[in-house]
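Please read the structure below before turning to the comments.
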Amino acid sequence: MSDNTLHDAFFALHHGLPRQGPGSDNTSRRLLALAGPLPTRPRVLDLGCGPGRSALLLAAEAGAQVTAVDLHEPFLDELRHTAEARGLGGAIRTIKADMAELPFPDGSFDLVWAESSAYNIGFDTAVRQWRRLLAPGGSLVLTECEWTAGNPSAQARAFWDQHYALRTTLENTSAAVAAGYTVLGVHRQPESDWDEYYGPLGERADAADAAAPGMAQALAATRAEIAMRREHGTEYGYTGYALRPADARWRTRPETAADIPAVRAVNAAAFATAEEAGLVDALRLDGAAWLPGTSYVAEAADGTVAAYALLTRCHVGDVPAVALAPVAVAPEHQRKGAGQAVVRAVLDLARVRGERLVLVLGHPGYYPRFGFEPASRYGIRPTFEVADEAMMVLVLDSSGGVPRGTIRYPAAFGV
């Protein structure tokens, strides 16, 4: 049997299905929200679009001008037909092209989107090659199949090793940060997303003509894949990432010993009292609270310290978390992005470290842009009186459940 025969059988099996990978409209909406505010008519590139479920949603709900790319012309034909039927023909342009060799100039898109398709070239290649396509402030959304079990079974490993080498969320997050991105959000896709894919596919497989050229082999592979999910689905799953290139105006890095006087000066200048500068000094002396490498600065163009952010160990009940405090920006650099750059840098660091929760007591008009929400929603509360909306949490890993309880800060906080 030729490769073309199997290829044709595979696409015949998938033709007309609502999805070509695990997903749902709700997941697409969640990822769109994580990508952050978009222009009024965002330019969106949907890579590996298939029959266009995401492209249609982005055009209809985000008002996007979508360029939809796939190598399989029948999928593009199906998308064009559906777009016209829904009155979206003018909002969606289809192009047959290879996602590894895209013909678009740098900075062409406000959002690059790839649901269940980046595996074709690999996560690392995707984040590296597609970054150039983003306009300033643009975002990349992609989903990736990953290990969700700490010690996957031999059967699951054997299956995936012959198809695609899976990594963990921590490994993919680290790869994205190393490639120059900041992580806007991560979303573990629910089991219902797999049902939306495998339900129709299983029904199609049951009705398929196994005697058609290449179909018997295509059916065997499909049924093996569905069986693997049924028997080992708790060991792997799809995760969505919303990424944005880090702000190149501000170099962020861990502080050095030489930065300590400048860090003290920035904290003293940014606040009405010297308490925050004193807090940092006190935390440096607390071996249980101080986490080496989590005291970060953002440099101005001349190399001086423009902004500062610190993570230290705290607890929710007995569960380790990190506290984000203080965050300070030198007055001459305020409202220019330095603060956001250094906060995003330490939050990326928290993800790469494998932290589960970040807590902040701060302005409710500022921190939600990073994904923070009221801690009380999770049953997390401080030991002191504070406006509910000001005590916030960013959940980085909810796979083991979000702990409830009272926040225990290091002694230096005085609470």
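We name chains A, B, ... following the order of the structure tokens; residues begin at 1 in each chain, and ligands are numbered from 1 as shown.
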
(message) Report as a ChimeraX atom specification all protein, DNA and RNA residues lying within 6 Å of segment 297-311 of chain A, evaluated on only C-alpha atoms, omitting residues in the same chain fewer than 5 positions from it.
(response) /A:250-253,255,322-330,338-339,342

(message) Give me, as an MDAnalysis selection string, the residues of segment 245-390 of chain A that a backbone DSSP run labels strand (DSSP E).
(response) chainID A and resid 245 251:254 290:299 305:316 319:329 357:361 373:374 380:381

Residues of segment 66-153 of chain A that have any atom at most 6 Å from an atom of segment 36-59 of chain A: could you tabulate them with the shortest-distance atom pair and the distance in Å to one decimal, using only C-alpha atoms, ordered by chain and increasing number, as CSV?
residue,atom,partner,partner_atom,distance
A:Val66,CA,A:Val44,CA,4.7
A:Thr67,CA,A:Leu45,CA,4.9
A:Ala68,CA,A:Asp46,CA,4.8
A:Val69,CA,A:Leu47,CA,5.0
A:Asp70,CA,A:Gly48,CA,4.8
A:Phe75,CA,A:Pro51,CA,4.5
A:Glu78,CA,A:Pro51,CA,5.7
A:Leu79,CA,A:Pro51,CA,5.0
A:Phe109,CA,A:Arg43,CA,4.9
A:Asp110,CA,A:Arg43,CA,5.2
A:Leu111,CA,A:Val44,CA,4.8
A:Val112,CA,A:Leu45,CA,4.8
A:Trp113,CA,A:Asp46,CA,4.7
A:Ala114,CA,A:Leu47,CA,5.1
A:Ser117,CA,A:Gly48,CA,5.4

Would you output that residue set with N, CA and C atoms, as a PDB file, in the first residue's frame?
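Dumped to selection.pdb:
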ATOM      1  N   VAL A  66      -9.658  36.771   9.196  1.00  0.00           N
ATOM      2  CA  VAL A  66      -8.923  35.533   9.403  1.00  0.00           C
ATOM      3  C   VAL A  66      -8.274  35.056   8.113  1.00  0.00           C
ATOM      4  N   THR A  67      -6.989  34.755   8.204  1.00  0.00           N
ATOM      5  CA  THR A  67      -6.291  34.046   7.137  1.00  0.00           C
ATOM      6  C   THR A  67      -6.135  32.606   7.610  1.00  0.00           C
ATOM      7  N   ALA A  68      -6.819  31.693   6.946  1.00  0.00           N
ATOM      8  CA  ALA A  68      -6.856  30.294   7.366  1.00  0.00           C
ATOM      9  C   ALA A  68      -5.954  29.465   6.462  1.00  0.00           C
ATOM     10  N   VAL A  69      -5.015  28.742   7.074  1.00  0.00           N
ATOM     11  CA  VAL A  69      -3.992  28.003   6.328  1.00  0.00           C
ATOM     12  C   VAL A  69      -4.102  26.516   6.618  1.00  0.00           C
ATOM     13  N   ASP A  70      -4.065  25.722   5.564  1.00  0.00           N
ATOM     14  CA  ASP A  70      -4.017  24.275   5.701  1.00  0.00           C
ATOM     15  C   ASP A  70      -3.413  23.712   4.420  1.00  0.00           C
ATOM     16  N   PHE A  75     -10.398  20.534   3.043  1.00  0.00           N
ATOM     17  CA  PHE A  75     -10.742  21.255   4.273  1.00  0.00           C
ATOM     18  C   PHE A  75     -10.989  22.734   3.964  1.00  0.00           C
ATOM     19  N   GLU A  78     -14.294  23.208   2.291  1.00  0.00           N
ATOM     20  CA  GLU A  78     -15.372  23.112   3.268  1.00  0.00           C
ATOM     21  C   GLU A  78     -15.500  24.408   4.067  1.00  0.00           C
ATOM     22  N   LEU A  79     -14.364  24.977   4.458  1.00  0.00           N
ATOM     23  CA  LEU A  79     -14.381  26.232   5.215  1.00  0.00           C
ATOM     24  C   LEU A  79     -14.959  27.368   4.382  1.00  0.00           C
ATOM     25  N   PHE A 109       0.332  39.888  11.719  1.00  0.00           N
ATOM     26  CA  PHE A 109      -0.881  39.453  12.409  1.00  0.00           C
ATOM     27  C   PHE A 109      -0.897  39.901  13.872  1.00  0.00           C
ATOM     28  N   ASP A 110      -2.106  40.176  14.341  1.00  0.00           N
ATOM     29  CA  ASP A 110      -2.304  40.515  15.752  1.00  0.00           C
ATOM     30  C   ASP A 110      -2.444  39.264  16.607  1.00  0.00           C
ATOM     31  N   LEU A 111      -2.829  38.168  15.984  1.00  0.00           N
ATOM     32  CA  LEU A 111      -3.020  36.909  16.701  1.00  0.00           C
ATOM     33  C   LEU A 111      -2.699  35.758  15.761  1.00  0.00           C
ATOM     34  N   VAL A 112      -1.810  34.882  16.198  1.00  0.00           N
ATOM     35  CA  VAL A 112      -1.540  33.634  15.478  1.00  0.00           C
ATOM     36  C   VAL A 112      -2.159  32.509  16.290  1.00  0.00           C
ATOM     37  N   TRP A 113      -2.933  31.671  15.632  1.00  0.00           N
ATOM     38  CA  TRP A 113      -3.775  30.674  16.302  1.00  0.00           C
ATOM     39  C   TRP A 113      -3.478  29.296  15.738  1.00  0.00           C
ATOM     40  N   ALA A 114      -3.306  28.300  16.620  1.00  0.00           N
ATOM     41  CA  ALA A 114      -3.024  26.936  16.156  1.00  0.00           C
ATOM     42  C   ALA A 114      -3.575  25.940  17.167  1.00  0.00           C
ATOM     43  N   SER A 117      -2.635  21.644  16.123  1.00  0.00           N
ATOM     44  CA  SER A 117      -1.898  21.558  14.857  1.00  0.00           C
ATOM     45  C   SER A 117      -0.398  21.793  14.985  1.00  0.00           C
TER      46      SER A 117
END

(message) What does the structure give for the distance between atom CA of Glu385 of chain A and atom CA of Ile407 of chain A, in Å to one decimal?
(response) 12.3 Å

(request) Rank A:Leu166, A:Val402, A:Leu347, A:Leu102 by their smallest atom-to-atom distance to Ala126 of chain A, using only C-alpha atoms, and report the top residue only. (result) A:Leu102

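With only C-alpha atoms taken into account, the protein and nucleic acid residues at most 8 Å from Thr234 of chain A (excluding it and anything under 2 positions from it in its own chain) are A:Thr148, A:Ala149, A:His232, A:Tyr236, A:Gly237.
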